[in-house]
>>> print(open('final_38.cif').read())   # mmCIF, C-alpha atoms
data_structure
loop_
_atom_site.label_atom_id
_atom_site.label_comp_id
_atom_site.auth_asym_id
_atom_site.auth_seq_id
_atom_site.Cartn_x
_atom_site.Cartn_y
_atom_site.Cartn_z
CA MET A 1 86.43 141.56 110.65
CA SER A 2 84.05 144.44 109.99
CA THR A 3 86.06 145.33 106.88
CA LEU A 4 85.82 141.75 105.62
CA LYS A 5 82.10 141.72 106.42
CA PHE A 6 81.47 144.75 104.20
CA LEU A 7 83.56 143.24 101.39
CA LEU A 8 81.57 140.00 101.55
CA GLN A 9 78.28 141.92 101.47
CA LYS A 10 79.49 143.70 98.35
CA GLU A 11 80.55 140.47 96.63
CA PHE A 12 77.35 138.59 97.42
CA ARG A 13 75.23 141.53 96.23
CA GLN A 14 77.13 141.55 92.95
CA ILE A 15 76.57 137.82 92.53
CA PHE A 16 72.84 137.89 93.36
CA ARG A 17 72.33 140.97 91.22
CA ASN A 18 72.69 138.78 88.12
CA PRO A 19 70.26 135.85 88.52
CA THR A 20 71.28 134.35 85.17
CA ILE A 21 74.86 133.87 86.31
CA LEU A 22 73.67 132.46 89.61
CA ARG A 23 71.45 129.92 87.85
CA MET A 24 74.35 128.94 85.60
CA ILE A 25 76.62 128.42 88.59
CA LEU A 26 74.13 126.22 90.43
CA LEU A 27 72.10 124.45 87.73
CA VAL A 28 74.54 123.88 84.86
CA PRO A 29 76.88 121.63 86.91
CA VAL A 30 73.88 119.60 88.11
CA VAL A 31 72.68 119.02 84.53
CA GLN A 32 76.22 118.15 83.43
CA LEU A 33 76.61 115.66 86.27
CA ILE A 34 73.39 113.97 85.16
CA ILE A 35 74.48 113.69 81.52
CA LEU A 36 78.26 113.24 81.50
CA PRO A 37 78.56 109.97 83.50
CA LEU A 38 76.17 108.32 81.06
CA ALA A 39 78.52 109.11 78.18
CA ALA A 40 81.88 108.85 79.98
CA ASP A 41 81.75 105.06 80.13
CA PHE A 42 84.99 103.39 79.06
CA GLU A 43 83.48 99.93 79.14
CA ILE A 44 83.21 98.99 75.47
CA LYS A 45 80.00 97.20 74.52
CA ASN A 46 77.94 96.58 71.39
CA ILE A 47 80.98 95.51 69.36
CA ASN A 48 79.74 94.56 65.91
CA ILE A 49 80.90 91.08 64.89
CA SER A 50 80.50 89.21 61.63
CA ILE A 51 80.86 85.42 61.89
CA VAL A 52 81.91 83.11 59.07
CA ASP A 53 80.75 79.61 60.05
CA ASN A 54 82.14 77.02 57.68
CA ASP A 55 81.56 74.17 60.14
CA ARG A 56 77.83 74.57 60.79
CA SER A 57 78.07 72.13 63.70
CA GLY A 58 76.63 71.97 67.18
CA MET A 59 79.97 73.07 68.62
CA SER A 60 80.15 76.14 66.40
CA GLN A 61 76.59 77.06 67.35
CA ASP A 62 77.45 76.75 71.05
CA LEU A 63 80.43 79.06 70.57
CA ILE A 64 78.30 81.60 68.71
CA GLU A 65 75.69 81.52 71.49
CA ASP A 66 78.42 82.16 74.08
CA ILE A 67 79.59 85.18 72.09
CA LYS A 68 76.08 86.58 71.66
CA SER A 69 75.11 86.05 75.31
CA SER A 70 78.26 87.76 76.65
CA GLY A 71 76.65 91.19 76.31
CA TYR A 72 79.67 92.68 74.56
CA PHE A 73 79.04 91.65 70.95
CA ARG A 74 76.28 92.29 68.46
CA LEU A 75 76.01 89.82 65.60
CA ILE A 76 75.40 91.73 62.37
CA ASN A 77 76.14 89.01 59.82
CA TYR A 78 76.25 85.21 59.81
CA THR A 79 77.67 83.82 56.60
CA HIS A 80 79.88 81.12 55.06
CA ASP A 81 81.92 83.49 52.84
CA PHE A 82 84.87 85.34 54.39
CA GLN A 83 84.89 88.01 51.67
CA ILE A 84 81.32 88.97 52.53
CA ALA A 85 82.28 89.32 56.19
CA PHE A 86 85.44 91.25 55.34
CA SER A 87 83.40 93.70 53.27
CA ASP A 88 81.51 94.46 56.50
CA ILE A 89 84.80 95.67 58.02
CA GLU A 90 85.61 97.72 54.92
CA SER A 91 82.24 99.47 55.15
CA ASP A 92 82.64 100.02 58.93
CA GLU A 93 79.61 97.88 59.66
CA ALA A 94 81.67 95.28 61.55
CA ASP A 95 84.49 95.68 64.06
CA ILE A 96 85.57 92.03 64.18
CA VAL A 97 85.30 89.01 61.89
CA LEU A 98 85.46 85.50 63.37
CA GLU A 99 86.02 82.64 60.93
CA ILE A 100 85.19 79.10 62.08
CA PRO A 101 86.86 76.57 59.76
CA ASN A 102 85.21 73.52 58.31
CA GLY A 103 85.68 70.43 60.47
CA LEU A 104 86.24 72.26 63.76
CA GLU A 105 84.05 69.88 65.77
CA ARG A 106 85.65 66.83 64.13
CA ASP A 107 89.18 68.08 64.85
CA MET A 108 88.34 68.89 68.46
CA ILE A 109 86.87 65.43 69.09
CA ARG A 110 89.57 63.46 67.30
CA GLU A 111 92.73 65.52 67.78
CA ARG A 112 91.74 67.71 70.75
CA SER A 113 92.86 70.79 68.80
CA GLY A 114 91.41 73.32 66.42
CA ALA A 115 92.09 76.78 64.97
CA LEU A 116 89.98 79.92 64.62
CA PHE A 117 90.74 83.08 62.68
CA ILE A 118 89.99 86.57 64.02
CA ALA A 119 90.25 89.75 61.92
CA VAL A 120 89.94 93.04 63.83
CA ASN A 121 89.29 96.54 62.50
CA ALA A 122 92.13 98.45 64.23
CA ILE A 123 91.34 102.00 63.12
CA ASN A 124 90.10 102.60 66.67
CA GLY A 125 93.02 101.04 68.54
CA THR A 126 91.32 100.96 71.92
CA LYS A 127 88.16 99.33 70.64
CA ALA A 128 90.21 96.84 68.61
CA TYR A 129 92.38 95.88 71.58
CA VAL A 130 89.49 95.51 74.01
CA GLY A 131 87.19 93.78 71.52
CA GLY A 132 89.88 91.29 70.54
CA ALA A 133 90.62 90.63 74.21
CA TYR A 134 86.92 90.06 74.99
CA LEU A 135 86.57 87.59 72.11
CA SER A 136 89.78 85.77 73.01
CA ARG A 137 88.60 85.44 76.60
CA ILE A 138 85.25 83.98 75.52
CA ILE A 139 86.98 81.49 73.24
CA SER A 140 89.42 80.52 76.01
CA ALA A 141 86.55 79.89 78.42
CA PHE A 142 84.76 77.83 75.76
CA ASN A 143 87.95 75.87 75.14
CA GLN A 144 88.37 75.20 78.86
CA ASP A 145 84.82 73.87 79.06
CA LEU A 146 85.56 71.52 76.17
CA ARG A 147 88.72 70.25 77.86
CA THR A 148 86.81 69.57 81.05
CA GLU A 149 84.09 67.79 79.11
CA PHE A 150 86.32 65.69 76.84
CA SER A 151 89.10 64.78 79.21
CA SER A 152 88.15 62.18 81.78
CA GLU A 153 91.37 62.98 83.66
CA ASN A 154 90.15 66.46 84.43
CA ARG A 155 86.80 65.33 85.72
CA GLY A 156 86.64 65.82 89.44
CA THR A 157 89.98 67.66 89.48
CA ALA A 158 89.01 70.92 87.85
CA ILE A 159 89.99 74.04 89.82
CA GLY A 160 87.17 76.43 90.55
CA VAL A 161 87.87 80.14 90.80
CA ALA A 162 85.67 82.56 92.74
CA VAL A 163 86.05 86.28 92.02
CA ILE A 164 84.97 89.02 94.43
CA ASN A 165 84.98 92.64 93.26
CA TRP A 166 85.68 94.79 96.30
CA PHE A 167 84.28 98.34 96.62
CA ASN A 168 82.30 98.04 93.34
CA PRO A 169 80.81 94.51 93.28
CA MET A 170 78.64 95.08 90.20
CA LEU A 171 81.48 96.75 88.24
CA ASN A 172 79.26 99.78 87.70
CA TYR A 173 81.43 102.27 85.84
CA GLN A 174 79.26 105.20 86.91
CA PHE A 175 80.22 104.58 90.56
CA PHE A 176 83.81 105.17 89.47
CA MET A 177 83.19 108.19 87.22
CA VAL A 178 80.56 110.25 89.06
CA PRO A 179 82.80 111.26 92.02
CA GLY A 180 85.62 112.25 89.67
CA ILE A 181 83.35 114.22 87.33
CA LEU A 182 81.86 116.04 90.32
CA VAL A 183 85.37 117.13 91.33
CA VAL A 184 85.98 118.48 87.81
CA LEU A 185 82.69 120.40 87.73
CA VAL A 186 83.30 122.02 91.11
CA THR A 187 86.82 122.91 89.99
CA MET A 188 85.60 124.51 86.76
CA VAL A 189 82.88 126.52 88.47
CA GLY A 190 85.23 127.88 91.11
CA GLY A 191 88.18 128.30 88.79
CA TYR A 192 86.47 130.17 85.97
CA MET A 193 84.24 132.42 88.05
CA THR A 194 86.94 133.38 90.56
CA SER A 195 89.56 134.08 87.89
CA LEU A 196 87.23 136.66 86.31
CA ASN A 197 86.49 138.45 89.58
CA ILE A 198 89.44 140.79 90.07
CA VAL A 199 89.74 141.28 86.30
CA LYS A 200 86.15 142.49 86.17
CA GLU A 201 87.03 145.16 88.76
CA LYS A 202 89.91 146.24 86.51
CA GLU A 203 87.76 146.45 83.38
CA VAL A 204 84.92 148.47 84.92
CA GLY A 205 87.35 150.76 86.76
CA THR A 206 86.26 150.03 90.33
CA ILE A 207 89.65 148.53 91.19
CA GLU A 208 91.08 152.04 91.46
CA GLN A 209 88.45 153.00 94.01
CA ILE A 210 89.25 149.88 96.03
CA ASN A 211 92.99 150.55 95.86
CA VAL A 212 92.70 153.99 97.45
CA THR A 213 90.80 152.58 100.44
CA PRO A 214 92.65 151.35 103.56
CA ILE A 215 91.65 147.74 102.78
CA ARG A 216 94.45 145.26 103.29
CA LYS A 217 95.42 142.91 100.48
CA THR A 218 94.56 139.92 102.65
CA HIS A 219 91.03 141.21 103.26
CA PHE A 220 90.58 141.94 99.57
CA ILE A 221 91.67 138.43 98.51
CA LEU A 222 89.47 136.81 101.20
CA GLY A 223 86.53 138.92 100.07
CA LYS A 224 86.96 137.57 96.55
CA LEU A 225 87.53 133.97 97.64
CA ILE A 226 84.87 133.29 100.30
CA PRO A 227 81.70 133.91 98.19
CA PHE A 228 82.75 131.46 95.49
CA TRP A 229 83.94 129.02 98.14
CA VAL A 230 80.37 129.02 99.52
CA LEU A 231 78.85 128.59 96.05
CA CYS A 232 81.19 125.68 95.25
CA VAL A 233 80.19 123.94 98.48
CA ILE A 234 76.52 124.33 97.47
CA VAL A 235 77.26 122.92 93.99
CA PHE A 236 79.10 119.97 95.54
CA THR A 237 76.21 119.29 97.92
CA LEU A 238 73.67 119.33 95.09
CA GLY A 239 75.83 116.98 93.04
CA MET A 240 76.71 114.56 95.85
CA PHE A 241 73.41 114.31 97.69
CA VAL A 242 70.87 115.02 94.95
CA VAL A 243 72.25 113.81 91.62
CA ALA A 244 74.66 111.09 92.78
CA ARG A 245 72.36 109.65 95.43
CA ILE A 246 68.95 109.93 93.75
CA ILE A 247 69.88 109.28 90.11
CA TYR A 248 72.90 106.99 90.39
CA GLY A 249 72.30 105.50 93.84
CA ILE A 250 75.75 106.45 95.10
CA VAL A 251 76.00 106.76 98.88
CA PRO A 252 79.40 107.66 100.40
CA LEU A 253 80.72 104.80 102.51
CA GLY A 254 83.15 107.01 104.42
CA SER A 255 82.71 109.94 106.76
CA ILE A 256 80.82 112.93 105.39
CA PHE A 257 82.74 115.21 107.77
CA VAL A 258 86.08 114.02 106.38
CA LEU A 259 84.78 114.49 102.83
CA TYR A 260 83.61 118.05 103.48
CA GLY A 261 86.76 118.85 105.43
CA TYR A 262 88.90 117.93 102.46
CA LEU A 263 86.52 119.75 100.11
CA ALA A 264 86.87 122.93 102.15
CA LEU A 265 90.66 122.75 101.98
CA TYR A 266 90.68 121.84 98.29
CA LEU A 267 88.49 124.81 97.40
CA VAL A 268 90.87 127.18 99.20
CA ALA A 269 93.71 125.80 97.07
CA ILE A 270 91.93 125.80 93.71
CA LEU A 271 90.36 129.23 94.24
CA GLY A 272 93.83 130.47 95.15
CA VAL A 273 95.00 129.33 91.70
CA ALA A 274 92.11 131.20 90.10
CA LEU A 275 92.84 134.36 92.10
CA LEU A 276 96.49 134.11 91.11
CA ILE A 277 95.45 133.98 87.44
CA SER A 278 93.21 136.98 88.05
CA THR A 279 96.07 139.05 89.48
CA TYR A 280 98.20 138.37 86.40
CA SER A 281 95.42 139.20 83.88
CA ASN A 282 94.33 142.64 82.73
CA THR A 283 91.23 141.61 80.78
CA GLN A 284 88.57 138.95 81.16
CA GLN A 285 89.68 137.44 77.85
CA GLN A 286 93.19 136.92 79.21
CA ALA A 287 91.80 135.39 82.40
CA MET A 288 89.54 133.02 80.44
CA SER A 289 92.42 131.91 78.21
CA LEU A 290 94.74 131.26 81.16
CA SER A 291 91.99 129.48 83.09
CA PHE A 292 91.16 127.27 80.11
CA PHE A 293 94.84 126.38 79.70
CA MET A 294 95.22 125.48 83.37
CA MET A 295 91.92 123.62 83.63
CA MET A 296 92.66 121.42 80.63
CA ILE A 297 95.97 120.36 82.20
CA PHE A 298 94.32 119.85 85.60
CA ILE A 299 91.51 117.70 84.17
CA LEU A 300 93.41 115.58 81.64
CA MET A 301 96.33 114.89 83.99
CA SER A 302 94.29 114.21 87.13
CA GLY A 303 93.82 110.48 86.65
CA LEU A 304 90.11 110.93 85.97
CA PHE A 305 90.21 109.33 82.52
CA THR A 306 93.71 107.82 82.33
CA PRO A 307 95.42 106.04 85.24
CA ILE A 308 98.41 108.06 86.40
CA GLU A 309 100.48 104.86 86.58
CA SER A 310 100.03 104.46 82.80
CA MET A 311 101.41 107.94 82.04
CA PRO A 312 105.06 108.60 81.13
CA GLN A 313 107.33 109.50 84.03
CA TRP A 314 107.42 113.20 83.15
CA ALA A 315 103.61 113.28 83.05
CA GLN A 316 103.44 111.62 86.48
CA TRP A 317 105.62 114.42 87.87
CA ILE A 318 103.19 117.00 86.47
CA ALA A 319 100.23 115.05 87.89
CA ALA A 320 101.91 115.14 91.31
CA LEU A 321 101.76 118.97 91.14
CA ASN A 322 98.08 118.93 90.21
CA PRO A 323 95.60 119.61 93.06
CA VAL A 324 92.77 117.90 91.14
CA THR A 325 94.72 114.62 91.19
CA TYR A 326 94.54 114.36 94.95
CA PHE A 327 90.88 115.31 95.31
CA VAL A 328 89.84 112.76 92.65
CA GLN A 329 91.72 110.10 94.62
CA VAL A 330 90.23 111.22 97.93
CA MET A 331 86.70 111.29 96.51
CA ARG A 332 86.98 107.73 95.24
CA MET A 333 88.61 106.55 98.45
CA ILE A 334 85.95 108.03 100.73
CA VAL A 335 82.90 107.41 98.54
CA MET A 336 83.73 103.89 97.32
CA LYS A 337 86.18 102.46 99.89
CA GLY A 338 84.96 104.19 103.04
CA SER A 339 88.43 105.57 103.82
CA GLU A 340 88.85 107.59 107.01
CA PHE A 341 91.09 110.55 107.84
CA GLY A 342 94.05 108.32 108.62
CA HIS A 343 94.04 107.02 105.05
CA ILE A 344 94.16 110.50 103.48
CA THR A 345 96.58 112.22 105.86
CA LYS A 346 99.20 112.49 103.09
CA HIS A 347 96.65 113.97 100.69
CA PHE A 348 95.53 116.41 103.38
CA LEU A 349 99.05 117.71 104.04
CA ILE A 350 99.75 118.08 100.31
CA MET A 351 96.57 120.12 99.87
CA VAL A 352 97.53 122.34 102.82
CA ALA A 353 100.78 123.09 101.00
CA PHE A 354 98.92 123.91 97.78
CA ALA A 355 96.52 126.24 99.62
CA VAL A 356 99.31 128.11 101.39
CA VAL A 357 101.49 128.49 98.30
CA PHE A 358 98.81 129.60 95.83
CA ASN A 359 97.00 132.01 98.13
CA SER A 360 100.21 133.55 99.46
CA TRP A 361 101.39 134.00 95.90
CA ALA A 362 98.08 135.68 94.96
CA ILE A 363 98.27 138.06 97.93
CA LEU A 364 101.88 138.98 97.20
CA ASN A 365 101.21 139.45 93.49
CA TYR A 366 98.20 141.74 94.00
CA LYS A 367 99.43 145.33 93.84
CA LYS A 368 97.42 148.22 95.18
CA THR A 369 99.33 150.67 93.01
CA SER A 370 99.55 150.76 89.22
#
>>> encode(input="final_38.cif", output="structure tokens")
Amino acid sequence: MSTLKFLLQKEFRQIFRNPTILRMILLVPVVQLIILPLAADFEIKNINISIVDNDRSGMSQDLIEDIKSSGYFRLINYTHDFQIAFSDIESDEADIVLEIPNGLERDMIRERSGALFIAVNAINGTKAYVGGAYLSRIISAFNQDLRTEFSSENRGTAIGVAVINWFNPMLNYQFFMVPGILVVLVTMVGGYMTSLNIVKEKEVGTIEQINVTPIRKTHFILGKLIPFWVLCVIVFTLGMFVVARIIYGIVPLGSIFVLYGYLALYLVAILGVALLISTYSNTQQQAMSLSFFMMMIFILMSGLFTPIESMPQWAQWIAALNPVTYFVQVMRMIVMKGSEFGHITKHFLIMVAFAVVFNSWAILNYKKTS
């Protein structure tokens, strides 16, 4: 233990010797956590719509008011000429054109049927799909109201539906994204900084001095891992209990002890990956390139932005081998659902396996002779 104590003193002195790096480790993730959730919002709003109203009736005005009051659409043009509205799509000023035909109100009263035309700018496929779905849903709700109003048979027999959104009642997308983004930031801080640690010893030549000492490989790896483990815990605490709570009003519903217990295990696993990269690299440039490659796969295939269930089968297999996947799930389960240890036992055992495999591999791969 005395040997490990001296190694830790050395590592912490090296870290605190460069205050710029220390500020970057602690402050940059906090600033990123403040900014990124505001931009990483997949709920599509402010969809520009151009409406061609050939009917100019009370019914068409009611429909337009429903569209405007939904909060998803922004009316940029109200005209009676479809070509004028279509030119808005061609100039990228409008995303959707809705054409209301002449005689819509008359047809609905007499024949109980009518037709609308929707043209969608599909260059951005996601925005087109979601925007078209929003508009179709508003029109369907409007149509249902008309049926209830016009049909005396439906009066008194209409079915009411009550919807309750569990775990996120207000459908606040930031409650969903902030825990996941915090996981990514902690992973990047620990992964990048730790992967450069052993390589830096190689580049400045001090690795040879360490190799001729009677220090065991296990002590050497622990000496490199523990300081950044402590810094990552500090970064997580700042993000979870300063940024998330004060700025976004997110308070974990589950046990803080379970959350930090899983964090501690996760950091051992992810820092083991970084140390493994460091043992395979001879220069800091190589370590940065390998870390960037691994981090991009970890982040994009973690389920943070895209549900894992929506990925192809081969991508789901890769996601199952990704430590970030499990911590993102655990964060959302504990923070939003209030899950306890019994709910994450499987995730806990998987992370134990990751920690053992990656750190054992790093220890075995580190050679004290060259």
>>> residues_near_point(input="final_38.cif", point="(92.3, 67.7, 70.8)", cutoff="12 Å", atoms="all atoms listed in the file", output="ChimeraX atom specification")
/A:104-115,143-144,146-151
>>> resolve_selection(input="final_38.cif", expression="the PyMOL selection byres ((chain A and resi 174) around 12)", output="PyMOL selection string")
chain A and resi 33-43+168+170-173+175-182+244-245+247-250+332+336
>>> write_last_selection(input="final_38.cif", atoms="C-alpha atoms", output="PDB file, keeping the file's coordinate frame")
ATOM      1  CA  LEU A  33      76.610 115.660  86.270  1.00  0.00           C
ATOM      2  CA  ILE A  34      73.390 113.970  85.160  1.00  0.00           C
ATOM      3  CA  ILE A  35      74.480 113.690  81.520  1.00  0.00           C
ATOM      4  CA  LEU A  36      78.260 113.240  81.500  1.00  0.00           C
ATOM      5  CA  PRO A  37      78.560 109.970  83.500  1.00  0.00           C
ATOM      6  CA  LEU A  38      76.170 108.320  81.060  1.00  0.00           C
ATOM      7  CA  ALA A  39      78.520 109.110  78.180  1.00  0.00           C
ATOM      8  CA  ALA A  40      81.880 108.850  79.980  1.00  0.00           C
ATOM      9  CA  ASP A  41      81.750 105.060  80.130  1.00  0.00           C
ATOM     10  CA  PHE A  42      84.990 103.390  79.060  1.00  0.00           C
ATOM     11  CA  GLU A  43      83.480  99.930  79.140  1.00  0.00           C
ATOM     12  CA  ASN A 168      82.300  98.040  93.340  1.00  0.00           C
ATOM     13  CA  MET A 170      78.640  95.080  90.200  1.00  0.00           C
ATOM     14  CA  LEU A 171      81.480  96.750  88.240  1.00  0.00           C
ATOM     15  CA  ASN A 172      79.260  99.780  87.700  1.00  0.00           C
ATOM     16  CA  TYR A 173      81.430 102.270  85.840  1.00  0.00           C
ATOM     17  CA  PHE A 175      80.220 104.580  90.560  1.00  0.00           C
ATOM     18  CA  PHE A 176      83.810 105.170  89.470  1.00  0.00           C
ATOM     19  CA  MET A 177      83.190 108.190  87.220  1.00  0.00           C
ATOM     20  CA  VAL A 178      80.560 110.250  89.060  1.00  0.00           C
ATOM     21  CA  PRO A 179      82.800 111.260  92.020  1.00  0.00           C
ATOM     22  CA  GLY A 180      85.620 112.250  89.670  1.00  0.00           C
ATOM     23  CA  ILE A 181      83.350 114.220  87.330  1.00  0.00           C
ATOM     24  CA  LEU A 182      81.860 116.040  90.320  1.00  0.00           C
ATOM     25  CA  ALA A 244      74.660 111.090  92.780  1.00  0.00           C
ATOM     26  CA  ARG A 245      72.360 109.650  95.430  1.00  0.00           C
ATOM     27  CA  ILE A 247      69.880 109.280  90.110  1.00  0.00           C
ATOM     28  CA  TYR A 248      72.900 106.990  90.390  1.00  0.00           C
ATOM     29  CA  GLY A 249      72.300 105.500  93.840  1.00  0.00           C
ATOM     30  CA  ILE A 250      75.750 106.450  95.100  1.00  0.00           C
ATOM     31  CA  ARG A 332      86.980 107.730  95.240  1.00  0.00           C
ATOM     32  CA  MET A 336      83.730 103.890  97.320  1.00  0.00           C
TER      33      MET A 336
END
>>> closest_residue(input="final_38.cif", among="A:Ile270, A:Val230, A:Ile299, A:Ile277", to="A:Leu8", atoms="only C-alpha atoms")
A:Val230
>>> atom_distance(input="final_38.cif", atom1="atom CA of A:Phe358", atom2="atom CA of A:Ile221")
11.7 Å
>>> closest_residue(input="final_38.cif", among="A:Phe293, A:Asp95, A:Thr325, A:Gly205", to="A:Thr306", atoms="all atoms listed in the file")
A:Thr325
>>> resolve_selection(input="final_38.cif", expression="the PyMOL selection byres ((chain A and resi 220) around 10)", output="compact mmCIF listing (two decimals) with C-alpha atoms, in the coordinates of the input")
# COMPACT_ATOMS: atom_id res chain seq x y z
CA THR A 3 86.06 145.33 106.88
CA LEU A 4 85.82 141.75 105.62
CA LEU A 7 83.56 143.24 101.39
CA LEU A 8 81.57 140.00 101.55
CA ILE A 198 89.44 140.79 90.07
CA ILE A 210 89.25 149.88 96.03
CA ASN A 211 92.99 150.55 95.86
CA ILE A 215 91.65 147.74 102.78
CA ARG A 216 94.45 145.26 103.29
CA LYS A 217 95.42 142.91 100.48
CA THR A 218 94.56 139.92 102.65
CA HIS A 219 91.03 141.21 103.26
CA ILE A 221 91.67 138.43 98.51
CA LEU A 222 89.47 136.81 101.20
CA GLY A 223 86.53 138.92 100.07
CA LYS A 224 86.96 137.57 96.55
CA LEU A 225 87.53 133.97 97.64
CA ILE A 363 98.27 138.06 97.93
CA TYR A 366 98.20 141.74 94.00
>>> resolve_selection(input="final_38.cif", expression="the PyMOL selection byres ((chain A and resi 266) around 10)", output="JSON, numbers by chain")
{"A": [183, 187, 229, 260, 261, 262, 263, 264, 265, 267, 268, 269, 270, 271, 272, 323, 324, 326, 327, 348, 351, 352, 354, 355]}
>>> residues_around(input="final_38.cif", residues="A:Leu276", least_positions_apart="3", cutoff="8 Å", atoms="all atoms listed in the file", output="ChimeraX atom specification")
/A:195,272-273,279-280,358-359,361-362,365
>>> atom_distance(input="final_38.cif", atom1="atom CA of A:Gln14", atom2="atom CA of A:Val30")
22.7 Å
>>> atom_distance(input="final_38.cif", atom1="atom CA of A:Ala353", atom2="atom CA of A:Met294")
18.6 Å
>>> closest_residue(input="final_38.cif", among="A:Ile76, A:Asp145, A:Ile47, A:Val212", to="A:Val120", atoms="only C-alpha atoms")
A:Ile47
>>> closest_residue(input="final_38.cif", among="A:Leu259, A:Ser50, A:Ser2, A:Val199", to="A:Ala274", atoms="all atoms listed in the file")
A:Val199
>>> closest_residue(input="final_38.cif", among="A:Val328, A:Arg13, A:Val235, A:Asp92", to="A:Phe305", atoms="all atoms listed in the file")
A:Val328
>>> closest_residue(input="final_38.cif", among="A:Thr213, A:Leu231, A:Pro252, A:Phe257", to="A:Val335", atoms="only C-alpha atoms")
A:Pro252
>>> residues_near_point(input="final_38.cif", point="(76.8, 124.8, 90.6)", cutoff="10 Å", atoms="only C-alpha atoms", output="PyMOL selection string")
chain A and resi 22-32+185-186+188-190+231-239
>>> residues_around(input="final_38.cif", residues="A:Gly342", least_positions_apart="6", cutoff="12 Å", atoms="all atoms listed in the file", output="PyMOL selection string")
chain A and resi 254-255+258+330+333-334+348-349
>>> residues_around(input="final_38.cif", residues="A:Arg56", least_positions_apart="4", cutoff="10 Å", atoms="all atoms listed in the file", output="list in words")
Val52, Ser60, Gln61, His80, Ile100, Pro101, Asn102, Gly103, Leu104 and Glu105 of chain A
>>> axis_aligned_box(input="final_38.cif", around="stretch 328-332 of chain A", padding_each_side="4 Å", output="AutoDock Vina command-line options")
--center_x 89.2 --center_y 110.2 --center_z 95.3 --size_x 13.0 --size_y 13.0 --size_z 13.3
